[in-house]
file data17.cif (mmCIF, C-alpha atoms and all ligand atoms)
data_model
loop_
_atom_site.label_atom_id
_atom_site.label_comp_id
_atom_site.auth_asym_id
_atom_site.auth_seq_id
_atom_site.Cartn_x
_atom_site.Cartn_y
_atom_site.Cartn_z
CA MET A 2 9.78 89.10 32.11
CA LYS A 3 9.39 86.65 29.21
CA ILE A 4 12.43 84.61 28.32
CA VAL A 5 13.22 82.22 25.50
CA ALA A 6 16.20 79.96 26.21
CA LEU A 7 17.99 78.18 23.39
CA ALA A 8 19.51 74.91 24.53
CA GLY A 9 21.36 71.82 23.43
CA GLY A 10 21.84 69.03 25.95
CA VAL A 11 23.76 69.06 29.20
CA GLY A 12 25.00 72.66 29.48
CA GLY A 13 21.76 74.10 28.15
CA ALA A 14 19.62 71.90 30.37
CA LYS A 15 21.45 73.02 33.51
CA LEU A 16 20.86 76.72 32.88
CA ALA A 17 17.25 76.13 31.77
CA HIS A 18 16.76 74.27 35.06
CA GLY A 19 18.17 77.24 36.98
CA LEU A 20 15.88 79.63 35.10
CA ALA A 21 12.90 77.38 35.84
CA GLN A 22 13.61 77.72 39.58
CA ILE A 23 13.10 81.49 39.31
CA LEU A 24 10.70 82.21 36.45
CA GLU A 25 7.01 81.34 36.47
CA PRO A 26 5.87 78.69 33.97
CA GLY A 27 4.44 81.34 31.61
CA GLU A 28 7.72 83.26 31.64
CA LEU A 29 10.12 80.69 30.21
CA THR A 30 10.11 78.74 26.95
CA THR A 31 13.09 76.53 26.13
CA ILE A 32 13.71 75.82 22.45
CA VAL A 33 15.83 72.73 22.02
CA ASN A 34 18.17 71.50 19.29
CA THR A 35 16.90 68.46 17.38
CA GLY A 36 19.84 68.31 14.95
CA ASP A 37 21.32 65.40 16.87
CA ASP A 38 18.11 63.32 16.72
CA PHE A 39 18.50 59.98 15.02
CA GLU A 40 16.95 56.60 14.48
CA HIS A 41 18.47 53.64 16.25
CA LEU A 42 17.12 50.13 16.95
CA GLY A 43 13.91 51.29 15.29
CA PHE A 44 13.49 54.11 17.83
CA TYR A 45 13.31 57.82 17.13
CA ILE A 46 15.72 59.29 19.68
CA CYS A 47 15.99 62.99 20.62
CA PRO A 48 19.03 63.22 22.93
CA ASP A 49 18.98 66.96 23.63
CA LEU A 50 15.21 67.20 24.00
CA ASP A 51 15.22 64.31 26.47
CA THR A 52 18.13 65.76 28.45
CA VAL A 53 16.29 69.09 28.81
CA CYS A 54 12.96 67.48 29.73
CA TYR A 55 14.48 64.96 32.16
CA THR A 56 16.52 67.75 33.79
CA LEU A 57 13.52 70.07 34.20
CA ALA A 58 11.51 67.14 35.56
CA GLY A 59 14.24 66.24 38.07
CA LEU A 60 14.58 62.81 36.42
CA ALA A 61 18.01 63.25 34.80
CA ASN A 62 21.06 61.21 35.69
CA PRO A 63 23.40 63.73 37.38
CA GLU A 64 26.53 61.63 36.72
CA THR A 65 26.23 61.02 32.99
CA GLY A 66 24.34 64.20 32.11
CA TRP A 67 22.15 62.08 29.80
CA GLY A 68 19.51 59.46 30.48
CA ARG A 69 17.52 58.85 33.67
CA SER A 70 18.53 58.62 37.30
CA ASP A 71 18.03 55.26 39.07
CA GLU A 72 18.20 53.58 35.70
CA THR A 73 18.35 49.82 35.03
CA TRP A 74 19.89 48.25 31.92
CA ASN A 75 18.09 44.94 31.39
CA VAL A 76 17.18 45.50 27.76
CA MET A 77 20.69 46.69 26.88
CA GLU A 78 22.37 43.71 28.60
CA ASN A 79 20.11 41.24 26.84
CA LEU A 80 20.54 43.03 23.53
CA GLU A 81 24.32 42.76 23.88
CA LYS A 82 24.07 39.02 24.61
CA LEU A 83 22.23 38.64 21.32
CA GLY A 84 24.98 40.52 19.47
CA GLY A 85 22.89 43.70 19.02
CA PRO A 86 24.51 47.14 18.74
CA SER A 87 25.44 48.51 22.16
CA TRP A 88 27.43 51.66 21.33
CA PHE A 89 24.46 53.90 22.12
CA ARG A 90 23.36 53.13 25.68
CA LEU A 91 19.64 53.17 26.35
CA GLY A 92 18.35 52.46 29.85
CA ASP A 93 15.07 50.66 30.52
CA GLN A 94 13.13 53.71 31.69
CA ASP A 95 14.60 55.87 28.95
CA MET A 96 13.60 53.27 26.38
CA ALA A 97 9.94 53.73 27.29
CA THR A 98 10.30 57.37 26.17
CA HIS A 99 11.69 56.32 22.79
CA LEU A 100 9.13 53.55 22.34
CA GLU A 101 6.15 55.79 22.98
CA ARG A 102 7.58 58.72 21.02
CA THR A 103 8.24 56.48 18.02
CA ARG A 104 4.73 54.98 18.22
CA ARG A 105 3.13 58.43 18.32
CA LEU A 106 5.26 59.75 15.45
CA ARG A 107 4.25 56.73 13.35
CA VAL A 108 0.56 57.55 13.79
CA GLY A 109 1.23 61.14 12.72
CA GLU A 110 1.54 63.09 15.98
CA PRO A 111 4.08 65.93 15.60
CA LEU A 112 7.19 65.97 17.81
CA SER A 113 6.17 69.26 19.49
CA GLN A 114 2.83 67.79 20.58
CA ILE A 115 4.46 64.60 21.83
CA THR A 116 6.98 66.66 23.80
CA LYS A 117 4.16 68.65 25.39
CA ALA A 118 2.32 65.47 26.39
CA PHE A 119 5.49 63.93 27.85
CA CYS A 120 6.27 67.12 29.78
CA GLU A 121 2.77 67.05 31.29
CA ALA A 122 3.26 63.41 32.27
CA TRP A 123 6.62 64.19 33.89
CA GLY A 124 5.37 67.32 35.67
CA VAL A 125 7.46 69.80 33.66
CA LYS A 126 5.63 73.12 34.02
CA HIS A 127 7.77 75.38 31.79
CA ALA A 128 7.28 75.07 28.02
CA VAL A 129 9.81 72.98 26.10
CA LEU A 130 9.69 73.05 22.30
CA PRO A 131 11.74 71.17 19.73
CA MET A 132 13.23 73.71 17.30
CA SER A 133 11.24 72.07 14.49
CA ASP A 134 8.80 69.25 13.86
CA SER A 135 10.63 68.43 10.62
CA PRO A 136 13.78 66.32 10.75
CA VAL A 137 16.99 68.36 10.57
CA ARG A 138 20.18 66.30 10.76
CA THR A 139 23.55 67.66 11.87
CA MET A 140 26.22 66.17 9.63
CA VAL A 141 29.88 66.39 10.63
CA ASN A 142 32.35 66.94 7.83
CA ALA A 143 35.35 65.04 9.20
CA ASP A 144 38.80 64.25 7.84
CA ASP A 145 37.62 60.78 6.83
CA GLY A 146 34.30 61.80 5.30
CA GLU A 147 30.88 63.01 6.36
CA LEU A 148 29.39 61.45 9.50
CA ALA A 149 25.91 61.60 11.00
CA PHE A 150 26.17 63.40 14.35
CA GLN A 151 25.70 60.46 16.75
CA GLU A 152 28.07 58.38 14.65
CA TYR A 153 30.70 61.08 15.25
CA PHE A 154 29.72 61.95 18.83
CA VAL A 155 29.02 58.60 20.45
CA HIS A 156 30.21 55.82 18.14
CA ARG A 157 33.49 57.47 17.12
CA ARG A 158 33.84 59.35 20.48
CA CYS A 159 34.49 62.67 18.69
CA GLU A 160 37.85 61.31 17.50
CA PRO A 161 37.69 62.32 13.81
CA ARG A 162 39.00 65.82 13.08
CA VAL A 163 36.19 68.13 12.05
CA LYS A 164 36.29 70.38 9.00
CA GLY A 165 32.77 71.78 9.15
CA PHE A 166 29.08 71.07 9.70
CA ARG A 167 25.95 70.82 7.60
CA PHE A 168 22.37 70.80 8.81
CA ASP A 169 20.61 68.47 6.45
CA GLY A 170 16.98 69.43 5.84
CA VAL A 171 17.22 72.86 7.47
CA GLU A 172 16.21 74.77 4.30
CA GLY A 173 12.78 73.18 4.16
CA ALA A 174 12.21 73.04 7.94
CA GLU A 175 9.88 75.44 9.72
CA PRO A 176 10.15 76.34 13.41
CA ALA A 177 7.86 74.10 15.50
CA PRO A 178 4.42 75.49 16.43
CA GLY A 179 4.84 77.91 19.33
CA VAL A 180 8.44 78.86 18.53
CA LYS A 181 7.65 82.06 16.59
CA GLU A 182 4.97 83.03 19.10
CA ALA A 183 7.37 82.58 22.03
CA LEU A 184 10.00 84.70 20.26
CA ASP A 185 7.47 87.43 19.47
CA LEU A 186 6.50 87.66 23.13
CA ALA A 187 10.04 87.36 24.53
CA ASP A 188 11.84 90.30 26.11
CA THR A 189 15.10 88.42 25.86
CA VAL A 190 16.59 85.33 24.26
CA ILE A 191 19.21 83.53 26.33
CA ILE A 192 21.65 81.36 24.42
CA CYS A 193 22.51 78.74 27.03
CA PRO A 194 26.06 77.41 27.53
CA SER A 195 25.73 74.71 24.87
CA ASN A 196 28.02 73.74 22.01
CA PRO A 197 27.85 76.69 19.57
CA TRP A 198 28.65 74.57 16.50
CA VAL A 199 26.33 71.62 16.90
CA SER A 200 23.76 72.57 19.57
CA ILE A 201 23.03 76.27 18.98
CA ASP A 202 23.86 76.86 15.30
CA PRO A 203 21.16 74.42 14.11
CA ILE A 204 18.55 76.33 16.19
CA LEU A 205 19.80 79.69 14.88
CA GLU A 206 19.55 78.39 11.31
CA ILE A 207 15.90 77.53 11.94
CA LEU A 208 15.19 80.83 13.72
CA ARG A 209 16.87 83.16 11.23
CA PRO A 210 13.68 84.77 9.92
CA PRO A 211 12.05 85.55 13.31
CA PHE A 212 15.39 86.74 14.70
CA ALA A 213 15.72 89.16 11.82
CA GLN A 214 12.40 90.64 12.88
CA PHE A 215 13.60 91.33 16.41
CA ASP A 216 13.07 94.96 17.27
CA GLY A 217 15.47 97.04 19.36
CA ALA A 218 13.68 96.25 22.62
CA LYS A 219 14.69 92.61 22.44
CA SER A 220 18.06 91.52 23.63
CA VAL A 221 20.01 88.35 23.06
CA ILE A 222 22.38 87.22 25.80
CA ALA A 223 24.72 84.23 25.62
CA VAL A 224 26.50 82.30 28.36
CA SER A 225 29.88 80.84 27.46
CA PRO A 226 30.19 77.04 27.42
CA ILE A 227 33.98 77.49 27.35
CA ILE A 228 35.76 78.14 30.63
CA GLY A 229 39.50 78.73 30.71
CA GLY A 230 39.85 77.60 27.10
CA GLN A 231 38.17 74.26 27.83
CA THR A 232 34.73 72.73 27.73
CA VAL A 233 33.16 71.39 30.87
CA LYS A 234 32.12 68.39 28.79
CA GLY A 235 31.99 67.53 25.11
CA PRO A 236 33.92 68.46 21.99
CA ALA A 237 33.27 72.21 21.55
CA ALA A 238 36.88 73.26 22.37
CA LYS A 239 38.30 70.47 20.18
CA MET A 240 36.03 71.62 17.35
CA TYR A 241 37.22 75.23 17.64
CA ARG A 242 40.84 74.04 17.56
CA GLU A 243 40.32 71.79 14.55
CA LEU A 244 38.59 74.63 12.72
CA GLY A 245 41.65 76.80 13.31
CA ILE A 246 40.21 78.98 16.10
CA GLU A 247 41.70 79.15 19.59
CA PRO A 248 38.93 77.95 21.94
CA SER A 249 38.00 80.66 24.44
CA ALA A 250 35.06 82.65 25.77
CA PHE A 251 36.11 85.32 23.26
CA ALA A 252 35.81 82.80 20.40
CA VAL A 253 32.25 82.00 21.54
CA ALA A 254 31.30 85.69 21.79
CA ASN A 255 32.79 86.23 18.34
CA HIS A 256 30.83 83.24 17.01
CA TYR A 257 27.55 84.98 17.95
CA ARG A 258 28.79 88.47 17.04
CA GLY A 259 26.08 90.73 15.61
CA LEU A 260 23.37 88.80 17.43
CA LEU A 261 24.32 89.50 21.05
CA SER A 262 23.70 92.50 23.25
CA GLY A 263 25.40 90.85 26.19
CA PHE A 264 27.76 88.01 27.03
CA VAL A 265 28.22 86.16 30.32
CA PHE A 266 31.49 84.33 30.93
CA ASP A 267 33.60 82.89 33.68
CA ARG A 268 35.82 84.63 36.22
CA ARG A 269 38.70 82.48 35.00
CA ASP A 270 38.44 84.41 31.71
CA ALA A 271 38.11 87.88 33.22
CA GLN A 272 41.19 89.06 31.28
CA LEU A 273 39.11 88.78 28.06
CA VAL A 274 36.63 91.45 29.14
CA GLU A 275 37.95 94.30 27.00
CA ASN A 276 38.26 92.09 23.90
CA ILE A 277 34.67 90.92 24.37
CA LYS A 278 33.37 94.46 24.88
CA GLY A 279 35.21 95.31 21.66
CA LEU A 280 32.73 93.02 19.85
CA ASN A 281 30.06 95.62 20.61
CA MET A 282 28.33 93.79 23.46
CA ARG A 283 28.03 94.22 27.22
CA ALA A 284 30.07 91.78 29.29
CA TYR A 285 29.35 90.14 32.64
CA VAL A 286 31.88 88.05 34.52
CA THR A 287 30.88 85.51 37.17
CA ASN A 288 31.17 81.86 38.19
CA THR A 289 29.55 79.95 35.31
CA LEU A 290 30.36 76.39 36.35
CA MET A 291 27.13 74.73 37.49
CA GLU A 292 28.04 71.84 39.78
CA CYS A 293 24.84 71.71 41.83
CA LEU A 294 21.29 73.03 41.79
CA ASP A 295 22.29 76.13 43.77
CA ASP A 296 24.91 76.98 41.11
CA ARG A 297 22.28 76.67 38.38
CA LYS A 298 19.91 78.96 40.26
CA GLN A 299 22.63 81.46 41.14
CA LEU A 300 23.84 81.72 37.53
CA ALA A 301 20.25 82.02 36.27
CA MET A 302 19.60 84.82 38.77
CA GLU A 303 22.72 86.71 37.70
CA VAL A 304 21.88 86.29 34.02
CA LEU A 305 18.38 87.69 34.66
CA ASN A 306 19.81 90.64 36.59
CA PHE A 307 22.29 91.29 33.77
CA ILE A 308 19.38 91.26 31.29
CA GLY A 309 17.71 93.92 33.45
CA GLU A 310 20.84 96.08 33.04
CA VAL A 311 21.12 95.44 29.29
CA LEU A 312 17.43 96.24 28.66
P1 LIG B 401 25.38 68.07 24.62
O1 LIG B 401 24.53 67.97 23.39
O2 LIG B 401 24.93 67.18 25.74
O3 LIG B 401 26.86 68.05 24.37
O4 LIG B 401 25.01 69.46 25.20
P2 LIG B 401 25.36 70.96 25.18
O5 LIG B 401 25.78 71.44 23.84
O6 LIG B 401 24.27 71.69 25.86
O7 LIG B 401 26.54 70.92 26.22
C1 LIG B 401 27.87 70.91 25.94
C2 LIG B 401 28.46 72.22 26.36
O8 LIG B 401 27.98 72.62 27.64
C3 LIG B 401 29.95 72.09 26.48
O9 LIG B 401 30.55 72.99 25.62
C4 LIG B 401 30.21 72.38 27.95
O10 LIG B 401 31.41 73.09 28.16
C5 LIG B 401 29.03 73.20 28.36
N1 LIG B 401 28.73 73.07 29.79
C6 LIG B 401 28.38 71.96 30.45
N2 LIG B 401 28.23 72.23 31.76
C7 LIG B 401 28.50 73.56 31.93
C8 LIG B 401 28.52 74.43 33.06
O11 LIG B 401 28.25 74.04 34.19
N3 LIG B 401 28.85 75.74 32.82
C9 LIG B 401 29.16 76.20 31.58
N4 LIG B 401 29.47 77.50 31.44
N5 LIG B 401 29.15 75.40 30.50
C10 LIG B 401 28.82 74.10 30.67
#
call {"tool": "encode", "arguments": {"input": "data17.cif", "output": "structure tokens", "more": "lines below"}}
Ligand code: GDP
result
Amino acid sequence: MKIVALAGGVGGAKLAHGLAQILEPGELTTIVNTGDDFEHLGFYICPDLDTVCYTLAGLANPETGWGRSDETWNVMENLEKLGGPSWFRLGDQDMATHLERTRRLRVGEPLSQITKAFCEAWGVKHAVLPMSDSPVRTMVNADDGELAFQEYFVHRRCEPRVKGFRFDGVEGAEPAPGVKEALDLADTVIICPSNPWVSIDPILEILRPPFAQFDGAKSVIAVSPIIGGQTVKGPAAKMYRELGIEPSAFAVANHYRGLLSGFVFDRRDAQLVENIKGLNMRAYVTNTLMECLDDRKQLAMEVLNFIGEVL
């Protein structure tokens, strides 16, 4: 079975990690959102890409969900003493990633190639691709004006009310090398439990043309990031509310309506099953909260079995 997983950061990385425990390296390609990439302190930072790679490599910080485990903060502490900006925390080990990535980008190496080289260095065996080598920037239309994503997400702690989103640069951006090929070969695309608005929508915008070419044999399955009307982490539920939609697994299924052949959501939302089936997709109810490696593997296994049924 060949699978393409679409992922943002934390939620996406956890399911991709589960899938990587089961599928062979040639069977899984994870395509990652780069809409929340930004430049900070002179570094080119790719938060979602790094979360996915660190997670697959077993190097991620399990408490924060971002950054590296066993991290030290010498640079950050000294930067703060000098009055430098400290709202975006970068650990010492993590900083090496940004330093080397920025150096390579400056000499013309594309992001996809850099990601491949880093994955090899970290021992990540399953392919990880940025959605595009061209910069695409998620812009948040908030009640007090338009904000760059990290400004909204980290600096302003998601406090501004959102009115909509714009993916700057998406019109001219091509999928990264390998993305179209992976989609052509895939039996199924799994939309991981990531934020639909700001983690998955940017990838879907980039993928529109190859998705449109999907033939009937291909299925698209999504896993809900919303459990019991709430997010496990992050602002997805708050965003739904501010956009006038009640946050729920149904709202997520409806968000991807027309694209999905199947939807996986939590037991706590089992009462939504008929409504979700009414969106013309198969429904599968299980425990979707991934608190440990076994949970990730178990959910991945059930999603793969469900795909078998849908196909
Ligand atoms: P971010 O860029 O780090 O915010 O990453 P994502 O978009 O991938 O992750 C945020 C989403 O993941 C939130 O909507 C969470 O509810 C969801 N999420 C995180 N952990 C889990 C989990 O264990 N299970 C499910 N179903 N969703 C999760």
call {"tool": "closest_atom_pairs", "arguments": {"input": "data17.cif", "of": "chain A", "to": "ligand LIG 401 (chain B)", "cutoff": "7 Å", "atoms": "only C-alpha atoms and all ligand atoms", "output": "CSV"}}
result
residue,atom,partner,partner_atom,distance
A:Ala8,CA,B:LIG401,O6,5.9
A:Gly9,CA,B:LIG401,O6,3.8
A:Gly10,CA,B:LIG401,O4,3.3
A:Val11,CA,B:LIG401,O2,4.1
A:Gly12,CA,B:LIG401,O8,3.5
A:Gly13,CA,B:LIG401,O6,4.2
A:Ala14,CA,B:LIG401,O6,6.5
A:Lys15,CA,B:LIG401,O11,6.9
A:Asp49,CA,B:LIG401,O1,5.6
A:Pro194,CA,B:LIG401,N5,4.7
A:Ser195,CA,B:LIG401,O5,3.4
A:Asn196,CA,B:LIG401,O5,3.7
A:Val199,CA,B:LIG401,O5,7.0
A:Ser200,CA,B:LIG401,O5,4.9
A:Val224,CA,B:LIG401,N4,6.4
A:Ser225,CA,B:LIG401,N4,5.2
A:Pro226,CA,B:LIG401,N5,3.6
A:Ile227,CA,B:LIG401,O10,5.2
A:Ile228,CA,B:LIG401,N4,6.4
A:Gln231,CA,B:LIG401,O10,6.9
A:Thr232,CA,B:LIG401,O10,3.4
A:Val233,CA,B:LIG401,O10,3.6
A:Lys234,CA,B:LIG401,C4,4.5
A:Gly235,CA,B:LIG401,C3,5.2
A:Pro236,CA,B:LIG401,O9,6.7
A:Ala237,CA,B:LIG401,O9,5.0
A:Thr289,CA,B:LIG401,N4,4.6
A:Leu290,CA,B:LIG401,O11,3.8
A:Met291,CA,B:LIG401,O11,3.6
A:Glu292,CA,B:LIG401,O11,6.0
call {"tool": "closest_residue", "arguments": {"input": "data17.cif", "among": "A:Met96, A:Ile191, A:Ile23, A:Leu312", "to": "Val5 in chain A", "atoms": "all atoms listed in the file"}}
result
A:Ile191
call {"tool": "closest_residue", "arguments": {"input": "data17.cif", "among": "A:Asp144, A:Cys54, A:Ala177, A:Gly36", "to": "Gly124 in chain A", "atoms": "all atoms listed in the file"}}
result
A:Cys54
call {"tool": "residues_around", "arguments": {"input": "data17.cif", "residues": "His99 in chain A", "least_positions_apart": "2", "cutoff": "12 Å", "atoms": "all atoms listed in the file", "output": "mmCIF file with C-alpha atoms, keeping the file's coordinate frame"}}
result
data_model
loop_
_atom_site.group_PDB
_atom_site.id
_atom_site.type_symbol
_atom_site.label_atom_id
_atom_site.label_comp_id
_atom_site.auth_asym_id
_atom_site.auth_seq_id
_atom_site.Cartn_x
_atom_site.Cartn_y
_atom_site.Cartn_z
ATOM 1 C CA ASP A 38 18.110 63.320 16.720
ATOM 2 C CA PHE A 39 18.500 59.980 15.020
ATOM 3 C CA GLU A 40 16.950 56.600 14.480
ATOM 4 C CA HIS A 41 18.470 53.640 16.250
ATOM 5 C CA LEU A 42 17.120 50.130 16.950
ATOM 6 C CA GLY A 43 13.910 51.290 15.290
ATOM 7 C CA PHE A 44 13.490 54.110 17.830
ATOM 8 C CA TYR A 45 13.310 57.820 17.130
ATOM 9 C CA ILE A 46 15.720 59.290 19.680
ATOM 10 C CA CYS A 47 15.990 62.990 20.620
ATOM 11 C CA PRO A 48 19.030 63.220 22.930
ATOM 12 C CA LEU A 50 15.210 67.200 24.000
ATOM 13 C CA ASP A 51 15.220 64.310 26.470
ATOM 14 C CA GLY A 68 19.510 59.460 30.480
ATOM 15 C CA LEU A 91 19.640 53.170 26.350
ATOM 16 C CA GLY A 92 18.350 52.460 29.850
ATOM 17 C CA ASP A 93 15.070 50.660 30.520
ATOM 18 C CA GLN A 94 13.130 53.710 31.690
ATOM 19 C CA ASP A 95 14.600 55.870 28.950
ATOM 20 C CA MET A 96 13.600 53.270 26.380
ATOM 21 C CA ALA A 97 9.940 53.730 27.290
ATOM 22 C CA GLU A 101 6.150 55.790 22.980
ATOM 23 C CA ARG A 102 7.580 58.720 21.020
ATOM 24 C CA THR A 103 8.240 56.480 18.020
ATOM 25 C CA ARG A 104 4.730 54.980 18.220
ATOM 26 C CA ARG A 105 3.130 58.430 18.320
ATOM 27 C CA LEU A 106 5.260 59.750 15.450
ATOM 28 C CA LEU A 112 7.190 65.970 17.810
ATOM 29 C CA ILE A 115 4.460 64.600 21.830
ATOM 30 C CA THR A 116 6.980 66.660 23.800
ATOM 31 C CA PHE A 119 5.490 63.930 27.850
#
call {"tool": "residues_near_point", "arguments": {"input": "data17.cif", "point": "(8.0, 76.7, 13.0)", "cutoff": "10 Å", "atoms": "all atoms listed in the file", "output": "list in words"}}
result
Pro131, Met132, Ser133, Asp134, Ser135, Ala174, Glu175, Pro176, Ala177, Pro178, Gly179, Val180, Lys181, Glu182, Ile207, Leu208 and Pro211 of chain A
call {"tool": "write_last_selection", "arguments": {"input": "data17.cif", "atoms": "C-alpha atoms", "output": "tab-separated table (two decimals), keeping the file's coordinate frame"}}
result
chain	number	residue	atom	x	y	z
A	131	PRO	CA	11.74	71.17	19.73
A	132	MET	CA	13.23	73.71	17.30
A	133	SER	CA	11.24	72.07	14.49
A	134	ASP	CA	8.80	69.25	13.86
A	135	SER	CA	10.63	68.43	10.62
A	174	ALA	CA	12.21	73.04	7.94
A	175	GLU	CA	9.88	75.44	9.72
A	176	PRO	CA	10.15	76.34	13.41
A	177	ALA	CA	7.86	74.10	15.50
A	178	PRO	CA	4.42	75.49	16.43
A	179	GLY	CA	4.84	77.91	19.33
A	180	VAL	CA	8.44	78.86	18.53
A	181	LYS	CA	7.65	82.06	16.59
A	182	GLU	CA	4.97	83.03	19.10
A	207	ILE	CA	15.90	77.53	11.94
A	208	LEU	CA	15.19	80.83	13.72
A	211	PRO	CA	12.05	85.55	13.31
call {"tool": "closest_atom_pairs", "arguments": {"input": "data17.cif", "of": "range 43-138 of chain A", "to": "range 146-162 of chain A", "cutoff": "10 Å", "atoms": "all atoms listed in the file", "output": "CSV"}}
result
residue,atom,partner,partner_atom,distance
A:Pro48,CA,A:Gln151,CA,9.5
A:Ser87,CA,A:His156,CA,9.6
A:Trp88,CA,A:His156,CA,5.9
A:Phe89,CA,A:Val155,CA,6.8
A:Arg90,CA,A:Val155,CA,9.5
A:Arg138,CA,A:Ala149,CA,7.4
call {"tool": "build_atoms", "arguments": {"input": "data17.cif", "residues": "range 147-158 of chain A", "atoms": "N, CA, C and O atoms", "output": "compact mmCIF listing (two decimals), keeping the file's coordinate frame"}}
result
# COMPACT_ATOMS: atom_id res chain seq x y z
N GLU A 147 31.98 62.42 5.62
CA GLU A 147 30.88 63.01 6.36
C GLU A 147 30.22 61.97 7.28
O GLU A 147 29.96 60.85 6.86
N LEU A 148 29.97 62.36 8.53
CA LEU A 148 29.39 61.45 9.50
C LEU A 148 28.10 62.04 10.07
O LEU A 148 28.03 63.24 10.34
N ALA A 149 27.10 61.16 10.28
CA ALA A 149 25.91 61.60 11.00
C ALA A 149 26.35 61.92 12.43
O ALA A 149 27.30 61.33 12.95
N PHE A 150 25.66 62.88 13.08
CA PHE A 150 26.17 63.40 14.35
C PHE A 150 26.44 62.34 15.42
O PHE A 150 27.50 62.33 16.03
N GLN A 151 25.49 61.44 15.67
CA GLN A 151 25.70 60.46 16.75
C GLN A 151 26.80 59.46 16.40
O GLN A 151 27.45 58.91 17.28
N GLU A 152 26.98 59.24 15.10
CA GLU A 152 28.07 58.38 14.65
C GLU A 152 29.41 59.02 15.07
O GLU A 152 30.28 58.36 15.61
N TYR A 153 29.50 60.32 14.85
CA TYR A 153 30.70 61.08 15.25
C TYR A 153 30.82 61.16 16.78
O TYR A 153 31.84 60.85 17.37
N PHE A 154 29.71 61.56 17.42
CA PHE A 154 29.72 61.95 18.83
C PHE A 154 29.85 60.75 19.76
O PHE A 154 30.67 60.75 20.67
N VAL A 155 29.04 59.73 19.52
CA VAL A 155 29.02 58.60 20.45
C VAL A 155 29.86 57.43 19.90
O VAL A 155 30.76 56.95 20.57
N HIS A 156 29.55 57.01 18.67
CA HIS A 156 30.21 55.82 18.14
C HIS A 156 31.71 56.05 17.95
O HIS A 156 32.53 55.22 18.33
N ARG A 157 32.06 57.19 17.39
CA ARG A 157 33.49 57.47 17.12
C ARG A 157 34.12 58.35 18.22
O ARG A 157 35.24 58.82 18.07
N ARG A 158 33.39 58.59 19.30
CA ARG A 158 33.84 59.35 20.48
C ARG A 158 34.52 60.67 20.11
O ARG A 158 35.54 61.05 20.70
